>>> print(open('final23.cif').read())   # mmCIF, C-alpha atoms (C1' of nucleotides)
data_run
#
loop_
_atom_site.label_atom_id
_atom_site.label_comp_id
_atom_site.auth_asym_id
_atom_site.auth_seq_id
_atom_site.Cartn_x
_atom_site.Cartn_y
_atom_site.Cartn_z
CA MET A 1 -12.57 1.80 6.98
CA ARG A 2 -14.90 0.75 9.71
CA LYS A 3 -17.19 -2.26 9.70
CA ARG A 4 -19.56 -1.26 12.48
CA PRO A 5 -21.12 2.23 12.57
CA TYR A 6 -20.54 4.46 15.58
CA VAL A 7 -23.10 3.94 18.31
CA CYS A 8 -22.21 7.07 20.28
CA GLY A 9 -19.55 9.73 20.74
CA LEU A 10 -17.65 7.60 23.19
CA ASP A 11 -17.42 4.96 20.52
CA ALA A 12 -15.92 7.44 18.06
CA ALA A 13 -13.46 8.74 20.65
CA VAL A 14 -12.23 5.28 21.59
CA ASP A 15 -11.72 4.57 17.92
CA VAL A 16 -9.20 7.43 17.82
CA ILE A 17 -7.37 6.70 21.07
CA GLY A 18 -7.66 2.92 20.86
CA GLY A 19 -4.18 2.14 19.56
CA LYS A 20 -1.89 0.53 22.08
CA TRP A 21 0.39 3.56 22.52
CA LYS A 22 -1.81 6.45 21.42
CA VAL A 23 -2.78 7.89 24.79
CA LEU A 24 0.86 7.79 25.84
CA ILE A 25 1.85 9.65 22.68
CA ILE A 26 -0.86 12.26 23.22
CA TRP A 27 0.10 12.56 26.85
CA ALA A 28 3.77 13.06 25.95
CA LEU A 29 2.95 15.70 23.34
CA ASP A 30 0.91 17.69 25.84
CA TYR A 31 4.07 18.75 27.61
CA GLN A 32 6.14 19.68 24.57
CA ARG A 33 6.47 19.42 20.84
CA CYS A 34 8.77 16.48 20.16
CA ARG A 35 11.11 15.05 17.63
CA PHE A 36 10.68 11.43 16.65
CA GLY A 37 13.61 10.25 18.73
CA GLU A 38 12.49 12.15 21.82
CA LEU A 39 9.04 10.65 21.51
CA LYS A 40 10.58 7.21 21.27
CA ARG A 41 12.35 7.84 24.56
CA LEU A 42 9.25 9.32 26.21
CA VAL A 43 7.13 6.31 25.28
CA PRO A 44 9.28 3.42 26.48
CA GLY A 45 8.61 0.11 24.79
CA VAL A 46 7.33 1.21 21.38
CA SER A 47 9.10 -0.02 18.32
CA GLU A 48 9.96 2.55 15.66
CA LYS A 49 7.60 0.93 13.18
CA VAL A 50 4.58 1.08 15.43
CA LEU A 51 5.39 4.59 16.66
CA THR A 52 5.45 5.76 13.05
CA GLN A 53 2.19 3.95 12.34
CA GLN A 54 0.34 5.41 15.28
CA LEU A 55 1.66 8.90 14.58
CA ARG A 56 0.43 8.66 10.99
CA GLU A 57 -3.00 7.55 12.17
CA LEU A 58 -3.18 10.37 14.71
CA GLU A 59 -2.12 12.77 11.97
CA ALA A 60 -4.83 11.40 9.65
CA ASP A 61 -7.37 11.91 12.46
CA GLY A 62 -6.21 15.51 12.86
CA ILE A 63 -4.82 15.05 16.37
CA VAL A 64 -1.14 15.67 15.76
CA HIS A 65 0.73 17.97 13.41
CA ARG A 66 3.87 16.79 11.64
CA GLU A 67 6.45 19.36 10.67
CA ILE A 68 9.38 18.39 8.48
CA TYR A 69 12.52 20.50 8.48
CA ASP A 70 14.45 20.13 5.24
CA GLN A 71 17.77 19.35 6.87
CA VAL A 72 20.48 16.77 6.94
CA PRO A 73 20.37 14.90 9.29
CA PRO A 74 16.57 14.85 9.05
CA LYS A 75 14.46 16.65 11.65
CA VAL A 76 10.75 16.13 12.19
CA GLU A 77 8.70 17.66 14.96
CA TYR A 78 5.36 16.45 16.22
CA SER A 79 2.89 18.58 18.14
CA LEU A 80 -0.78 18.53 19.12
CA THR A 81 -3.25 20.32 16.89
CA GLU A 82 -6.07 22.32 18.44
CA LEU A 83 -8.29 19.26 18.10
CA GLY A 84 -5.59 17.23 19.81
CA GLU A 85 -5.48 19.66 22.71
CA ASP A 86 -9.25 19.47 23.02
CA LEU A 87 -8.95 15.71 23.13
CA ASN A 88 -6.29 15.95 25.79
CA THR A 89 -8.52 18.20 27.86
CA ALA A 90 -11.35 15.70 27.48
CA LEU A 91 -8.99 12.95 28.62
CA LYS A 92 -7.94 14.71 31.84
CA PRO A 93 -10.85 13.43 34.01
CA LEU A 94 -10.20 9.93 32.75
CA GLY A 95 -6.55 10.28 33.68
CA ALA A 96 -7.54 11.45 37.15
CA TRP A 97 -9.86 8.46 37.53
CA GLY A 98 -7.03 6.14 36.50
CA ARG A 99 -4.65 7.77 38.95
CA ASN A 100 -7.13 7.14 41.76
CA ARG A 101 -7.39 3.57 40.68
CA LEU A 102 -3.63 3.20 40.62
CA ALA A 103 -3.44 4.70 44.10
CA ALA A 104 -6.07 2.23 45.30
CA LEU A 105 -4.18 -0.67 43.73
CA GLY A 106 -0.95 0.65 45.26
CA GLU A 107 -2.49 0.68 48.70
CA LEU A 108 -3.69 -2.83 48.18
CA SER A 109 -0.25 -4.08 47.30
CA LEU A 110 1.19 -2.12 50.23
CA HIS A 111 -1.29 -3.92 52.44
CA GLU A 112 -0.27 -7.23 50.96
CA ARG A 113 3.37 -6.36 51.47
CA GLN A 114 2.70 -5.54 55.12
CA GLN A 115 0.95 -8.85 55.54
CA LEU A 116 3.90 -10.65 54.01
CA THR A 117 6.58 -8.85 56.03
CA GLY A 118 4.44 -9.21 59.16
CA ARG A 119 4.91 -12.99 59.11
CA MET B 1 -1.43 -10.18 34.14
CA ARG B 2 0.24 -7.18 32.54
CA LYS B 3 3.64 -7.12 30.84
CA ARG B 4 4.28 -3.38 30.86
CA PRO B 5 3.82 -1.31 34.02
CA TYR B 6 1.42 1.64 33.98
CA VAL B 7 3.06 4.84 32.81
CA CYS B 8 0.25 7.13 33.98
CA GLY B 9 -3.38 7.19 35.09
CA LEU B 10 -4.61 7.40 31.52
CA ASP B 11 -2.76 4.20 30.82
CA ALA B 12 -4.52 2.47 33.70
CA ALA B 13 -7.91 3.80 32.64
CA VAL B 14 -7.52 2.67 29.05
CA ASP B 15 -6.58 -0.77 30.35
CA VAL B 16 -10.02 -0.99 31.96
CA ILE B 17 -12.09 0.42 29.09
CA GLY B 18 -9.93 -0.99 26.28
CA GLY B 19 -12.10 -4.00 25.40
CA LYS B 20 -13.90 -3.69 22.10
CA TRP B 21 -17.38 -3.36 23.61
CA LYS B 22 -16.69 -2.09 27.10
CA VAL B 23 -17.53 1.58 26.70
CA LEU B 24 -20.77 0.60 25.00
CA ILE B 25 -21.61 -1.69 27.90
CA ILE B 26 -20.81 1.01 30.46
CA TRP B 27 -22.75 3.53 28.44
CA ALA B 28 -25.78 1.23 28.26
CA LEU B 29 -25.66 0.52 32.00
CA ASP B 30 -25.62 4.22 32.82
CA TYR B 31 -29.24 4.50 31.82
CA GLN B 32 -30.55 1.44 33.59
CA ARG B 33 -29.67 -1.80 35.30
CA CYS B 34 -29.96 -4.52 32.70
CA ARG B 35 -30.52 -8.20 32.25
CA PHE B 36 -28.11 -10.09 30.05
CA GLY B 37 -30.50 -10.31 27.12
CA GLU B 38 -31.38 -6.62 27.29
CA LEU B 39 -27.71 -5.74 27.24
CA LYS B 40 -27.24 -7.95 24.21
CA ARG B 41 -29.92 -5.96 22.42
CA LEU B 42 -28.53 -2.61 23.59
CA VAL B 43 -25.05 -3.45 22.31
CA PRO B 44 -25.74 -4.63 18.79
CA GLY B 45 -23.11 -6.86 17.27
CA VAL B 46 -21.63 -8.51 20.35
CA SER B 47 -21.66 -12.26 20.54
CA GLU B 48 -22.89 -13.81 23.77
CA LYS B 49 -19.48 -15.23 24.54
CA VAL B 50 -17.67 -11.93 24.27
CA LEU B 51 -20.39 -10.05 26.13
CA THR B 52 -20.02 -12.48 29.02
CA GLN B 53 -16.23 -12.13 28.91
CA GLN B 54 -16.24 -8.37 28.97
CA LEU B 55 -18.84 -8.27 31.74
CA ARG B 56 -16.71 -10.61 33.85
CA GLU B 57 -13.66 -8.44 33.31
CA LEU B 58 -15.59 -5.30 34.22
CA GLU B 59 -16.87 -7.11 37.29
CA ALA B 60 -13.32 -8.12 38.26
CA ASP B 61 -12.25 -4.49 37.86
CA GLY B 62 -15.06 -3.39 40.17
CA ILE B 63 -16.96 -1.47 37.49
CA VAL B 64 -20.15 -3.53 37.26
CA HIS B 65 -22.18 -5.45 39.80
CA ARG B 66 -23.71 -8.80 38.93
CA GLU B 67 -26.83 -9.88 40.74
CA ILE B 68 -28.16 -13.38 40.30
CA TYR B 69 -31.80 -14.13 41.07
CA ASP B 70 -32.33 -17.76 41.97
CA GLN B 71 -35.17 -18.33 39.55
CA VAL B 72 -36.19 -20.53 36.70
CA PRO B 73 -35.81 -19.33 34.00
CA PRO B 74 -32.55 -17.72 35.15
CA LYS B 75 -32.41 -13.97 35.76
CA VAL B 76 -29.21 -11.95 36.12
CA GLU B 77 -29.05 -8.20 36.43
CA TYR B 78 -26.04 -6.00 35.76
CA SER B 79 -25.54 -2.50 37.13
CA LEU B 80 -22.76 0.02 37.60
CA THR B 81 -20.98 0.13 40.93
CA GLU B 82 -20.07 3.47 42.48
CA LEU B 83 -16.63 3.15 40.89
CA GLY B 84 -18.33 2.44 37.58
CA GLU B 85 -20.43 5.57 37.90
CA ASP B 86 -17.29 7.59 38.66
CA LEU B 87 -15.75 6.14 35.54
CA ASN B 88 -18.81 7.04 33.54
CA THR B 89 -18.63 10.60 34.82
CA ALA B 90 -14.97 10.75 33.84
CA LEU B 91 -15.91 9.48 30.39
CA LYS B 92 -18.53 12.18 29.74
CA PRO B 93 -16.10 14.83 28.37
CA LEU B 94 -14.58 12.22 26.10
CA GLY B 95 -18.03 11.30 24.86
CA ALA B 96 -18.75 14.95 24.17
CA TRP B 97 -15.49 15.29 22.24
CA GLY B 98 -16.41 12.24 20.19
CA ARG B 99 -19.87 13.61 19.47
CA ASN B 100 -18.32 16.81 18.15
CA ARG B 101 -16.05 14.74 15.97
CA LEU B 102 -18.98 12.75 14.66
CA ALA B 103 -20.82 15.96 13.90
CA ALA B 104 -17.79 17.26 12.01
CA LEU B 105 -17.49 14.02 10.06
CA GLY B 106 -21.22 14.12 9.36
CA GLU B 107 -20.94 17.60 7.89
CA LEU B 108 -18.07 16.45 5.76
CA SER B 109 -20.02 13.59 4.30
CA LEU B 110 -23.01 15.89 3.80
CA HIS B 111 -20.68 18.20 1.90
CA GLU B 112 -19.41 15.30 -0.17
CA ARG B 113 -22.98 14.23 -0.86
CA GLN B 114 -23.83 17.73 -2.05
CA GLN B 115 -20.81 17.72 -4.33
CA LEU B 116 -21.88 14.37 -5.74
CA THR B 117 -25.54 15.27 -6.28
CA GLY B 118 -24.49 18.69 -7.61
CA ARG B 119 -22.88 17.08 -10.64
"C1'" DA C 1 -43.96 -32.44 19.41
"C1'" DT C 2 -41.43 -28.46 18.30
"C1'" DC C 3 -39.65 -24.22 18.99
"C1'" DC C 4 -37.93 -20.21 21.48
"C1'" DC C 5 -36.11 -17.92 25.60
"C1'" DC C 6 -33.10 -17.49 29.58
"C1'" DA C 7 -27.85 -17.00 30.64
"C1'" DC C 8 -24.44 -18.87 29.81
"C1'" DT C 9 -19.92 -22.43 28.53
"C1'" DG C 10 -16.45 -24.66 25.63
"C1'" DA C 11 -13.98 -25.98 21.39
"C1'" DC C 12 -12.24 -24.26 17.49
"C1'" DC C 13 -10.73 -20.77 14.11
"C1'" DT C 14 -9.40 -16.18 12.00
"C1'" DC C 15 -7.15 -12.10 11.34
"C1'" DA C 16 -5.18 -7.90 12.06
"C1'" DA C 17 -2.46 -5.31 15.43
"C1'" DG C 18 1.71 -5.31 16.95
"C1'" DG C 19 6.72 -7.11 17.42
"C1'" DT C 20 11.46 -8.24 15.24
"C1'" DA C 21 15.08 -7.37 12.53
"C1'" DA C 22 17.23 -5.62 8.73
"C1'" DG C 23 17.95 -1.98 5.25
"C1'" DT C 24 18.32 3.26 3.61
"C1'" DA C 25 21.03 7.63 2.85
"C1'" DC C 26 23.55 11.13 4.70
"C1'" DG C 27 26.79 13.57 8.11
"C1'" DC C 28 29.82 13.85 11.99
"C1'" DA C 29 33.07 12.29 15.48
"C1'" DC C 30 36.89 9.31 16.71
"C1'" DG D 1 36.97 3.09 8.15
"C1'" DT D 2 33.96 2.05 11.83
"C1'" DG D 3 30.28 3.31 14.34
"C1'" DC D 4 26.47 6.34 15.80
"C1'" DG D 5 22.38 9.29 15.20
"C1'" DT D 6 18.62 11.01 12.27
"C1'" DA D 7 13.73 9.28 10.70
"C1'" DC D 8 12.02 6.28 8.79
"C1'" DT D 9 10.44 1.63 5.40
"C1'" DT D 10 9.92 -3.21 4.33
"C1'" DA D 11 9.39 -8.14 4.87
"C1'" DC D 12 8.30 -11.51 7.89
"C1'" DC D 13 6.41 -13.59 12.09
"C1'" DT D 14 3.68 -14.10 16.53
"C1'" DT D 15 -0.02 -13.64 19.50
"C1'" DG D 16 -4.21 -13.10 21.60
"C1'" DA D 17 -8.61 -10.78 21.30
"C1'" DG D 18 -12.51 -11.60 19.33
"C1'" DG D 19 -15.82 -14.36 16.17
"C1'" DT D 20 -18.53 -18.84 15.07
"C1'" DC D 21 -21.06 -22.41 16.34
"C1'" DA D 22 -22.89 -26.00 19.04
"C1'" DG D 23 -24.52 -27.53 23.49
"C1'" DT D 24 -27.08 -27.09 28.36
"C1'" DG D 25 -31.65 -27.68 30.93
"C1'" DG D 26 -35.86 -26.35 32.29
"C1'" DG D 27 -40.31 -23.49 31.29
"C1'" DG D 28 -43.82 -21.62 28.53
"C1'" DA D 29 -46.12 -20.65 24.11
"C1'" DT D 30 -47.99 -22.57 19.53
#
>>> encode(input="final23.cif", output="structure tokens")
Amino acid sequence: MRKRPYVCGLDAAVDVIGGKWKVLIIWALDYQRCRFGELKRLVPGVSEKVLTQQLRELEADGIVHREIYDQVPPKVEYSLTELGEDLNTALKPLGAWGRNRLAALGELSLHERQQLTGR
Amino acid sequence: MRKRPYVCGLDAAVDVIGGKWKVLIIWALDYQRCRFGELKRLVPGVSEKVLTQQLRELEADGIVHREIYDQVPPKVEYSLTELGEDLNTALKPLGAWGRNRLAALGELSLHERQQLTGR
DNA sequence: ATCCCCACTGACCTCAAGGTAAGTACGCAC
DNA sequence: GTGCGTACTTACCTTGAGGTCAGTGGGGAT
């Protein structure tokens, strides 16, 4: 549960996407429905435990859908729900803003590199 | 510094707004430039230490501008930079998504309340 | 005299998110 | 028969973000 009440919508949204790997998971699922192992490869650096955790939280929040195929070896597929796709759409401008920022930072380091190699 | 490199723009954006109170600060500053004490009142629950910290980080990231008036008693005003206003614009759809979510949750708890009082 | 207000700073502490490593149960390939 | 891949779970540990509290130094109100 939550200690502090939500102050605004932004607050509520950040609560959902706040986990360390959640935006990366959502971003990965936008392109394709994924099995657990694929997701692990698409989100480099997550441990299995934490990936499971975050997926369960996203599922509880109604962002991702978990489909279990009764097979051996086990097969589980994750996909975005409609709500999850809405969220992803809402995240697009933020992603664009971040990309601009990355570009700006990239130019800065290019500049620094030029200064260094210029000596 | 950062351990893991940015995977995408969203990643970079979340790095900037990830602090516990940052979106609330940005949201508060969208309406008006603010003195420190005002901000403290607009963001209920933050301690002074953490508010200062987050403001400094936002300043370092070029999101907020800090203007010091050489007065006694001291006066400091915070405002969004152009980059900060861009960020705020990019956050609007996310805020709207969150508001919808809150509305949905509100209806749920209303429903639960009705079930409870109905007994 | 005593208190509050302004905008902080610094020392110390807490706790929960996340990381590590091992275990599970089954099937297939070599 | 040894190891890998599947999708996890469990116990244990680490870390750092954030919380608590006290102090600063002058001015104005009570």
>>> resolve_selection(input="final23.cif", expression="the PyMOL selection byres ((chain B) within 12 of (chain D))", output="ChimeraX atom specification")
/B:18-21,45-51,53-54,71-74
>>> interface_residues(input="final23.cif", of="chain C", to="chain A", cutoff="10 Å", atoms="all atoms listed in the file", output="JSON, numbers by chain")
{"C": [17, 18, 19, 20, 25, 26, 27, 28]}
>>> resolve_selection(input="final23.cif", expression="the PyMOL selection byres ((chain A) within 12 of (chain B))", output="PDB file with C-alpha atoms, in the frame of the given file")
ATOM      1  CA  LYS A   3     -17.190  -2.260   9.700  1.00  0.00           C
ATOM      2  CA  ARG A   4     -19.560  -1.260  12.480  1.00  0.00           C
ATOM      3  CA  PRO A   5     -21.120   2.230  12.570  1.00  0.00           C
ATOM      4  CA  TYR A   6     -20.540   4.460  15.580  1.00  0.00           C
ATOM      5  CA  VAL A   7     -23.100   3.940  18.310  1.00  0.00           C
ATOM      6  CA  CYS A   8     -22.210   7.070  20.280  1.00  0.00           C
ATOM      7  CA  GLY A   9     -19.550   9.730  20.740  1.00  0.00           C
ATOM      8  CA  LEU A  10     -17.650   7.600  23.190  1.00  0.00           C
ATOM      9  CA  ASP A  11     -17.420   4.960  20.520  1.00  0.00           C
ATOM     10  CA  ALA A  12     -15.920   7.440  18.060  1.00  0.00           C
ATOM     11  CA  ALA A  13     -13.460   8.740  20.650  1.00  0.00           C
ATOM     12  CA  VAL A  14     -12.230   5.280  21.590  1.00  0.00           C
ATOM     13  CA  ASP A  15     -11.720   4.570  17.920  1.00  0.00           C
ATOM     14  CA  VAL A  16      -9.200   7.430  17.820  1.00  0.00           C
ATOM     15  CA  ILE A  17      -7.370   6.700  21.070  1.00  0.00           C
ATOM     16  CA  GLY A  18      -7.660   2.920  20.860  1.00  0.00           C
ATOM     17  CA  GLY A  19      -4.180   2.140  19.560  1.00  0.00           C
ATOM     18  CA  LYS A  20      -1.890   0.530  22.080  1.00  0.00           C
ATOM     19  CA  TRP A  21       0.390   3.560  22.520  1.00  0.00           C
ATOM     20  CA  LYS A  22      -1.810   6.450  21.420  1.00  0.00           C
ATOM     21  CA  VAL A  23      -2.780   7.890  24.790  1.00  0.00           C
ATOM     22  CA  LEU A  24       0.860   7.790  25.840  1.00  0.00           C
ATOM     23  CA  ILE A  25       1.850   9.650  22.680  1.00  0.00           C
ATOM     24  CA  ILE A  26      -0.860  12.260  23.220  1.00  0.00           C
ATOM     25  CA  TRP A  27       0.100  12.560  26.850  1.00  0.00           C
ATOM     26  CA  ALA A  28       3.770  13.060  25.950  1.00  0.00           C
ATOM     27  CA  LEU A  42       9.250   9.320  26.210  1.00  0.00           C
ATOM     28  CA  VAL A  43       7.130   6.310  25.280  1.00  0.00           C
ATOM     29  CA  PRO A  44       9.280   3.420  26.480  1.00  0.00           C
ATOM     30  CA  GLY A  45       8.610   0.110  24.790  1.00  0.00           C
ATOM     31  CA  VAL A  46       7.330   1.210  21.380  1.00  0.00           C
ATOM     32  CA  ASP A  61      -7.370  11.910  12.460  1.00  0.00           C
ATOM     33  CA  GLY A  62      -6.210  15.510  12.860  1.00  0.00           C
ATOM     34  CA  ILE A  63      -4.820  15.050  16.370  1.00  0.00           C
ATOM     35  CA  LEU A  83      -8.290  19.260  18.100  1.00  0.00           C
ATOM     36  CA  GLY A  84      -5.590  17.230  19.810  1.00  0.00           C
ATOM     37  CA  GLU A  85      -5.480  19.660  22.710  1.00  0.00           C
ATOM     38  CA  ASP A  86      -9.250  19.470  23.020  1.00  0.00           C
ATOM     39  CA  LEU A  87      -8.950  15.710  23.130  1.00  0.00           C
ATOM     40  CA  ASN A  88      -6.290  15.950  25.790  1.00  0.00           C
ATOM     41  CA  THR A  89      -8.520  18.200  27.860  1.00  0.00           C
ATOM     42  CA  ALA A  90     -11.350  15.700  27.480  1.00  0.00           C
ATOM     43  CA  LEU A  91      -8.990  12.950  28.620  1.00  0.00           C
ATOM     44  CA  LYS A  92      -7.940  14.710  31.840  1.00  0.00           C
ATOM     45  CA  PRO A  93     -10.850  13.430  34.010  1.00  0.00           C
ATOM     46  CA  LEU A  94     -10.200   9.930  32.750  1.00  0.00           C
ATOM     47  CA  GLY A  95      -6.550  10.280  33.680  1.00  0.00           C
ATOM     48  CA  ALA A  96      -7.540  11.450  37.150  1.00  0.00           C
ATOM     49  CA  TRP A  97      -9.860   8.460  37.530  1.00  0.00           C
ATOM     50  CA  GLY A  98      -7.030   6.140  36.500  1.00  0.00           C
ATOM     51  CA  ARG A  99      -4.650   7.770  38.950  1.00  0.00           C
ATOM     52  CA  ASN A 100      -7.130   7.140  41.760  1.00  0.00           C
ATOM     53  CA  ARG A 101      -7.390   3.570  40.680  1.00  0.00           C
ATOM     54  CA  LEU A 102      -3.630   3.200  40.620  1.00  0.00           C
ATOM     55  CA  ALA A 103      -3.440   4.700  44.100  1.00  0.00           C
ATOM     56  CA  ALA A 104      -6.070   2.230  45.300  1.00  0.00           C
ATOM     57  CA  LEU A 105      -4.180  -0.670  43.730  1.00  0.00           C
ATOM     58  CA  GLY A 106      -0.950   0.650  45.260  1.00  0.00           C
TER      59      GLY A 106
END
>>> atom_distance(input="final23.cif", atom1="atom CA of Tyr31 of chain B", atom2="atom CA of Tyr69 of chain B")
21.0 Å
>>> atom_distance(input="final23.cif", atom1="atom CA of Glu38 of chain B", atom2="atom CA of Val76 of chain B")
10.5 Å
>>> atom_distance(input="final23.cif", atom1="atom CA of Glu77 of chain B", atom2="atom CA of Cys34 of chain B")
5.3 Å
>>> residues_near_point(input="final23.cif", point="(9.3, 7.5, 16.7)", cutoff="6 Å", atoms="all atoms listed in the file", output="list of chain:residue names")
A:Phe36, A:Gly37, A:Leu39, A:Lys40, A:Glu48, A:Leu51, A:Thr52
>>> axis_aligned_box(input="final23.cif", around="segment 21-38 of chain A", padding_each_side="5 Å", output="lines of an AutoDock Vina configuration file")
center_x = 5.4
center_y = 11.6
center_z = 22.1
size_x = 26.4
size_y = 26.1
size_z = 21.0
